[in-house]
Amino acid sequence: MKTSLLCLAAVLIGVYAEPEATAEPQNYVKPVYPAPYDDNCHPRKAPKCSKNGTETLCFKDYEYPDKEIRNAIKYDPLVLKRYADIAEQSADNLVDGLTSLSEKHFDYSAYKGKTFDKSNWVGEEGYICPSDVHYGRPLRALNVDGEWRAIVQDIAWPGYTQTQRIESCLFSGAACRTLAPCYGSKCMQKYVYQRMLSFDPCDVQKGIFIDIYKLPSACSCHIPGHA
């Protein structure tokens, strides 16, 4: 009888006993982005480095948001794997039959871009359409939608670069060098669409993303057809 009562009591105690506490789920929250550093920021407003909006690329930028970009990369550390760069670029590996040393010493100072000027016949080494070639790492650029972006570079994340070859006509629309006027030749600026890892200083919540830019790629001589 006593044994039965003891068993019944054990059962009742088990029924009314508090259930064993379960471990609470762990929430791993990513770090919160800081607030934009400029409440009046607008992506279509040209930055100071663009010289009052006359430039679409900035290779120097005293207002570059390096801290904000660094925070965005820490938030999404795999973002840098979306784009790889070849840091050392030159005519040695991008122009067939020409060395970087030769390209560096092209001199167009005597050429004035005038068809009937004697400078048109100066035959020094160089391209038939004089151009400025620059291998650089832009810090800001105007995208194809007309909005300014900061470009991810090593100033924000040491060791990471995005190098571009920029070739701009010195005399766009001028006659091609050393060609006779009867050809009606014209130097024409060519462009290429390039993708670069970017950051929007006016909306830091976007983080790091790939944007598209229209960059000068070549200056070509065009000869029109004759009827």
# chains A, B, ... in the order shown; residues from 1 in each chain; ligands from 1
>>> residues_around(residues="range 177-187 of chain A", least_positions_apart="6", cutoff="6 Å", atoms="only C-alpha atoms", output="ChimeraX atom specification")
/A:120-121,128-129,220-223
>>> write_last_selection(atoms="N, CA, C and O atoms", output="compact mmCIF listing (two decimals), in the first residue's frame")
# COMPACT_ATOMS: atom_id res chain seq x y z
N ASN A 120 50.19 69.27 -89.11
CA ASN A 120 49.46 68.05 -89.47
C ASN A 120 50.39 67.02 -90.11
O ASN A 120 50.09 65.82 -90.10
N TRP A 121 51.52 67.47 -90.63
CA TRP A 121 52.41 66.58 -91.36
C TRP A 121 53.62 66.15 -90.54
O TRP A 121 54.52 65.49 -91.04
N ILE A 128 47.92 57.81 -85.18
CA ILE A 128 47.48 58.72 -86.23
C ILE A 128 46.44 59.71 -85.68
O ILE A 128 46.29 60.82 -86.20
N CYS A 129 45.75 59.31 -84.64
CA CYS A 129 44.88 60.22 -83.91
C CYS A 129 45.48 60.43 -82.52
O CYS A 129 45.43 59.52 -81.68
N SER A 220 40.02 56.79 -82.65
CA SER A 220 40.19 56.15 -83.95
C SER A 220 40.00 57.13 -85.11
O SER A 220 39.20 58.07 -85.01
N CYS A 221 40.71 56.86 -86.17
CA CYS A 221 40.61 57.68 -87.38
C CYS A 221 39.50 57.13 -88.27
O CYS A 221 39.49 55.95 -88.63
N HIS A 222 38.56 58.00 -88.65
CA HIS A 222 37.46 57.59 -89.50
C HIS A 222 37.55 58.32 -90.84
O HIS A 222 37.73 59.54 -90.88
N ILE A 223 37.43 57.57 -91.94
CA ILE A 223 37.43 58.15 -93.27
C ILE A 223 36.05 57.91 -93.89
O ILE A 223 35.62 56.75 -94.04
>>> select_by_dssp(residues="range 6-208 of chain A", states="helix (DSSP H, G or I)", output="number ranges by chain")
A: 6-16, 48-50, 66-75, 77-82, 91-94, 100-104, 118-121, 181-183, 204-206
>>> closest_atom_pairs(of="range 54-103 of chain A", to="range 194-213 of chain A", cutoff="12 Å", atoms="only C-alpha atoms", output="Markdown table")
| residue | atom | partner | partner_atom | distance |
| --- | --- | --- | --- | --- |
| A:Thr56 | CA | A:Tyr213 | CA | 9.7 |
| A:Leu57 | CA | A:Tyr213 | CA | 9.8 |
| A:Glu63 | CA | A:Pro201 | CA | 10.4 |
| A:Tyr64 | CA | A:Pro201 | CA | 9.1 |
| A:Pro65 | CA | A:Pro201 | CA | 7.0 |
| A:Asp66 | CA | A:Pro201 | CA | 10.1 |
| A:Lys67 | CA | A:Pro201 | CA | 10.7 |
| A:Glu68 | CA | A:Val204 | CA | 7.5 |
| A:Ile69 | CA | A:Phe199 | CA | 6.8 |
| A:Arg70 | CA | A:Ile208 | CA | 9.8 |
| A:Asn71 | CA | A:Gly207 | CA | 8.8 |
| A:Ala72 | CA | A:Gly207 | CA | 5.2 |
| A:Ile73 | CA | A:Ile208 | CA | 6.9 |
| A:Lys74 | CA | A:Gly207 | CA | 10.0 |
| A:Tyr75 | CA | A:Gly207 | CA | 8.1 |
| A:Asp76 | CA | A:Gly207 | CA | 7.9 |
| A:Pro77 | CA | A:Ile208 | CA | 9.8 |
| A:Leu78 | CA | A:Ile208 | CA | 10.2 |
| A:Val79 | CA | A:Ile208 | CA | 6.9 |
| A:Leu80 | CA | A:Leu197 | CA | 8.0 |
| A:Lys81 | CA | A:Leu197 | CA | 10.3 |
| A:Arg82 | CA | A:Leu197 | CA | 8.2 |
| A:Tyr83 | CA | A:Leu197 | CA | 7.1 |
| A:Ala84 | CA | A:Met196 | CA | 9.8 |
| A:Asp85 | CA | A:Met196 | CA | 9.9 |
>>> closest_residue(among="A:Asn52, A:Pro216, A:Ala175, A:Ile151", to="Lys112 in chain A", atoms="only C-alpha atoms")
A:Ala175
>>> select_by_dssp(residues="range 46-168 of chain A", states="strand (DSSP E or B)", output="number ranges by chain")
A: 57-58, 131-136, 140-143, 148-151, 164-168
>>> closest_residue(among="A:Cys176, A:Leu139, A:Val152, A:Ala91", to="Ser119 in chain A", atoms="only C-alpha atoms")
A:Cys176
>>> atom_distance(atom1="CA of Lys45 in chain A", atom2="CA of Lys60 in chain A")
17.3 Å
>>> residues_around(residues="Thr163 in chain A", least_positions_apart="3", cutoff="8 Å", atoms="only C-alpha atoms", output="list in words")
Asp85, Ile86, Ala87, Gln89, Tyr135, Gly136, Arg137 and Pro138 of chain A
>>> atom_distance(atom1="CA of Lys214 in chain A", atom2="CA of Ala141 in chain A")
9.3 Å
>>> closest_residue(among="A:Pro130, A:Ile166, A:Thr115, A:Val144", to="Met188 in chain A", atoms="only C-alpha atoms")
A:Pro130
>>> residues_around(residues="Trp148 in chain A", least_positions_apart="6", cutoff="7 Å", atoms="only C-alpha atoms", output="list of chain:residue names")
A:Pro43, A:Arg44, A:Ala46, A:Arg140, A:Ala141, A:Leu142
>>> write_last_selection(atoms="N, CA and C atoms", output="short mmCIF file (atom, residue, chain, number, x, y, z; two decimals), in the first residue's frame")
data_model
loop_
_atom_site.label_atom_id
_atom_site.label_comp_id
_atom_site.auth_asym_id
_atom_site.auth_seq_id
_atom_site.Cartn_x
_atom_site.Cartn_y
_atom_site.Cartn_z
N PRO A 43 22.97 61.88 -55.30
CA PRO A 43 23.86 61.16 -56.22
C PRO A 43 24.11 61.87 -57.55
N ARG A 44 23.24 62.77 -57.95
CA ARG A 44 23.42 63.47 -59.22
C ARG A 44 24.20 64.79 -59.06
N ALA A 46 27.44 66.72 -58.62
CA ALA A 46 28.85 66.44 -58.90
C ALA A 46 29.71 66.74 -57.68
N ARG A 140 36.24 58.17 -57.96
CA ARG A 140 34.82 58.46 -58.20
C ARG A 140 34.56 58.45 -59.69
N ALA A 141 33.32 58.12 -60.05
CA ALA A 141 32.97 58.10 -61.47
C ALA A 141 31.47 58.30 -61.63
N LEU A 142 31.10 58.83 -62.79
CA LEU A 142 29.69 59.04 -63.13
C LEU A 142 29.20 57.80 -63.85
#
>>> residues_around(residues="range 94-109 of chain A", least_positions_apart="2", cutoff="9 Å", atoms="only C-alpha atoms", output="list in words")
Gln89, Ser90, Ala91, Asp92, Tyr111, Lys112, Val122, Glu124, Glu125, Gly126, Tyr127, Pro130, Ser131, Val133 and Leu170 of chain A
>>> decode(residues="range 45-58 of chain A", atoms="all heavy atoms", output="PDB file, in the first residue's frame")
ATOM      1  N   LYS A  45      24.513  65.124 -57.827  1.00  0.00           N
ATOM      2  CA  LYS A  45      25.297  66.325 -57.579  1.00  0.00           C
ATOM      3  C   LYS A  45      26.781  65.997 -57.745  1.00  0.00           C
ATOM      4  O   LYS A  45      27.302  65.104 -57.085  1.00  0.00           O
ATOM      5  CB  LYS A  45      25.026  66.857 -56.171  1.00  0.00           C
ATOM      6  CG  LYS A  45      25.779  68.124 -55.844  1.00  0.00           C
ATOM      7  CD  LYS A  45      25.479  68.589 -54.433  1.00  0.00           C
ATOM      8  CE  LYS A  45      26.263  69.843 -54.084  1.00  0.00           C
ATOM      9  NZ  LYS A  45      25.999  70.283 -52.693  1.00  0.00           N
ATOM     10  N   ALA A  46      27.441  66.722 -58.621  1.00  0.00           N
ATOM     11  CA  ALA A  46      28.848  66.443 -58.900  1.00  0.00           C
ATOM     12  C   ALA A  46      29.711  66.744 -57.677  1.00  0.00           C
ATOM     13  O   ALA A  46      29.536  67.774 -57.025  1.00  0.00           O
ATOM     14  CB  ALA A  46      29.324  67.277 -60.081  1.00  0.00           C
ATOM     15  N   PRO A  47      30.631  65.853 -57.351  1.00  0.00           N
ATOM     16  CA  PRO A  47      31.540  66.099 -56.225  1.00  0.00           C
ATOM     17  C   PRO A  47      32.562  67.176 -56.579  1.00  0.00           C
ATOM     18  O   PRO A  47      32.742  67.521 -57.752  1.00  0.00           O
ATOM     19  CB  PRO A  47      32.212  64.737 -56.025  1.00  0.00           C
ATOM     20  CG  PRO A  47      32.179  64.113 -57.377  1.00  0.00           C
ATOM     21  CD  PRO A  47      30.890  64.559 -58.000  1.00  0.00           C
ATOM     22  N   LYS A  48      33.234  67.689 -55.582  1.00  0.00           N
ATOM     23  CA  LYS A  48      34.215  68.750 -55.812  1.00  0.00           C
ATOM     24  C   LYS A  48      35.350  68.300 -56.723  1.00  0.00           C
ATOM     25  O   LYS A  48      35.898  69.085 -57.496  1.00  0.00           O
ATOM     26  CB  LYS A  48      34.771  69.233 -54.474  1.00  0.00           C
ATOM     27  CG  LYS A  48      33.751  69.956 -53.599  1.00  0.00           C
ATOM     28  CD  LYS A  48      34.381  70.421 -52.296  1.00  0.00           C
ATOM     29  CE  LYS A  48      33.358  71.129 -51.416  1.00  0.00           C
ATOM     30  NZ  LYS A  48      33.951  71.565 -50.124  1.00  0.00           N
ATOM     31  N   CYS A  49      35.698  67.018 -56.639  1.00  0.00           N
ATOM     32  CA  CYS A  49      36.823  66.527 -57.437  1.00  0.00           C
ATOM     33  C   CYS A  49      36.547  66.559 -58.932  1.00  0.00           C
ATOM     34  O   CYS A  49      37.475  66.449 -59.745  1.00  0.00           O
ATOM     35  CB  CYS A  49      37.192  65.112 -57.004  1.00  0.00           C
ATOM     36  SG  CYS A  49      35.918  63.867 -57.347  1.00  0.00           S
ATOM     37  N   SER A  50      35.287  66.710 -59.345  1.00  0.00           N
ATOM     38  CA  SER A  50      34.955  66.689 -60.769  1.00  0.00           C
ATOM     39  C   SER A  50      35.120  68.049 -61.433  1.00  0.00           C
ATOM     40  O   SER A  50      34.758  68.206 -62.606  1.00  0.00           O
ATOM     41  CB  SER A  50      33.515  66.208 -60.970  1.00  0.00           C
ATOM     42  OG  SER A  50      32.600  67.190 -60.509  1.00  0.00           O
ATOM     43  N   LYS A  51      35.621  69.030 -60.671  1.00  0.00           N
ATOM     44  CA  LYS A  51      35.866  70.374 -61.209  1.00  0.00           C
ATOM     45  C   LYS A  51      34.589  70.974 -61.781  1.00  0.00           C
ATOM     46  O   LYS A  51      34.485  71.247 -62.984  1.00  0.00           O
ATOM     47  CB  LYS A  51      36.973  70.333 -62.270  1.00  0.00           C
ATOM     48  CG  LYS A  51      38.304  69.822 -61.750  1.00  0.00           C
ATOM     49  CD  LYS A  51      39.350  69.771 -62.844  1.00  0.00           C
ATOM     50  CE  LYS A  51      40.671  69.208 -62.300  1.00  0.00           C
ATOM     51  NZ  LYS A  51      41.713  69.118 -63.357  1.00  0.00           N
ATOM     52  N   ASN A  52      33.615  71.138 -60.883  1.00  0.00           N
ATOM     53  CA  ASN A  52      32.330  71.751 -61.245  1.00  0.00           C
ATOM     54  C   ASN A  52      31.561  70.953 -62.306  1.00  0.00           C
ATOM     55  O   ASN A  52      30.836  71.522 -63.127  1.00  0.00           O
ATOM     56  CB  ASN A  52      32.535  73.186 -61.729  1.00  0.00           C
ATOM     57  CG  ASN A  52      33.114  74.075 -60.649  1.00  0.00           C
ATOM     58  OD1 ASN A  52      32.746  73.958 -59.480  1.00  0.00           O
ATOM     59  ND2 ASN A  52      34.007  74.971 -61.033  1.00  0.00           N
ATOM     60  N   GLY A  53      31.739  69.643 -62.280  1.00  0.00           N
ATOM     61  CA  GLY A  53      30.974  68.787 -63.185  1.00  0.00           C
ATOM     62  C   GLY A  53      31.563  68.651 -64.570  1.00  0.00           C
ATOM     63  O   GLY A  53      30.945  68.047 -65.449  1.00  0.00           O
ATOM     64  N   THR A  54      32.755  69.167 -64.794  1.00  0.00           N
ATOM     65  CA  THR A  54      33.372  69.074 -66.120  1.00  0.00           C
ATOM     66  C   THR A  54      34.078  67.741 -66.331  1.00  0.00           C
ATOM     67  O   THR A  54      34.377  67.374 -67.467  1.00  0.00           O
ATOM     68  CB  THR A  54      34.383  70.210 -66.332  1.00  0.00           C
ATOM     69  OG1 THR A  54      35.390  70.128 -65.314  1.00  0.00           O
ATOM     70  CG2 THR A  54      33.693  71.574 -66.241  1.00  0.00           C
ATOM     71  N   GLU A  55      34.362  67.023 -65.264  1.00  0.00           N
ATOM     72  CA  GLU A  55      35.027  65.722 -65.356  1.00  0.00           C
ATOM     73  C   GLU A  55      34.060  64.619 -64.918  1.00  0.00           C
ATOM     74  O   GLU A  55      33.243  64.807 -64.015  1.00  0.00           O
ATOM     75  CB  GLU A  55      36.273  65.681 -64.463  1.00  0.00           C
ATOM     76  CG  GLU A  55      37.308  66.750 -64.784  1.00  0.00           C
ATOM     77  CD  GLU A  55      38.051  66.480 -66.068  1.00  0.00           C
ATOM     78  OE1 GLU A  55      38.012  65.326 -66.531  1.00  0.00           O
ATOM     79  OE2 GLU A  55      38.677  67.418 -66.606  1.00  0.00           O
ATOM     80  N   THR A  56      34.141  63.469 -65.575  1.00  0.00           N
ATOM     81  CA  THR A  56      33.289  62.339 -65.199  1.00  0.00           C
ATOM     82  C   THR A  56      34.042  61.277 -64.409  1.00  0.00           C
ATOM     83  O   THR A  56      33.471  60.276 -64.007  1.00  0.00           O
ATOM     84  CB  THR A  56      32.667  61.696 -66.446  1.00  0.00           C
ATOM     85  OG1 THR A  56      33.722  61.239 -67.314  1.00  0.00           O
ATOM     86  CG2 THR A  56      31.788  62.684 -67.199  1.00  0.00           C
ATOM     87  N   LEU A  57      35.354  61.501 -64.225  1.00  0.00           N
ATOM     88  CA  LEU A  57      36.193  60.599 -63.439  1.00  0.00           C
ATOM     89  C   LEU A  57      37.073  61.423 -62.506  1.00  0.00           C
ATOM     90  O   LEU A  57      37.531  62.503 -62.874  1.00  0.00           O
ATOM     91  CB  LEU A  57      37.096  59.765 -64.345  1.00  0.00           C
ATOM     92  CG  LEU A  57      36.474  58.642 -65.180  1.00  0.00           C
ATOM     93  CD1 LEU A  57      37.512  58.091 -66.140  1.00  0.00           C
ATOM     94  CD2 LEU A  57      35.949  57.538 -64.296  1.00  0.00           C
ATOM     95  N   CYS A  58      37.298  60.901 -61.314  1.00  0.00           N
ATOM     96  CA  CYS A  58      38.216  61.544 -60.371  1.00  0.00           C
ATOM     97  C   CYS A  58      39.279  60.533 -59.949  1.00  0.00           C
ATOM     98  O   CYS A  58      38.949  59.465 -59.428  1.00  0.00           O
ATOM     99  CB  CYS A  58      37.479  62.023 -59.122  1.00  0.00           C
ATOM    100  SG  CYS A  58      36.296  63.351 -59.405  1.00  0.00           S
TER     101      CYS A  58
END
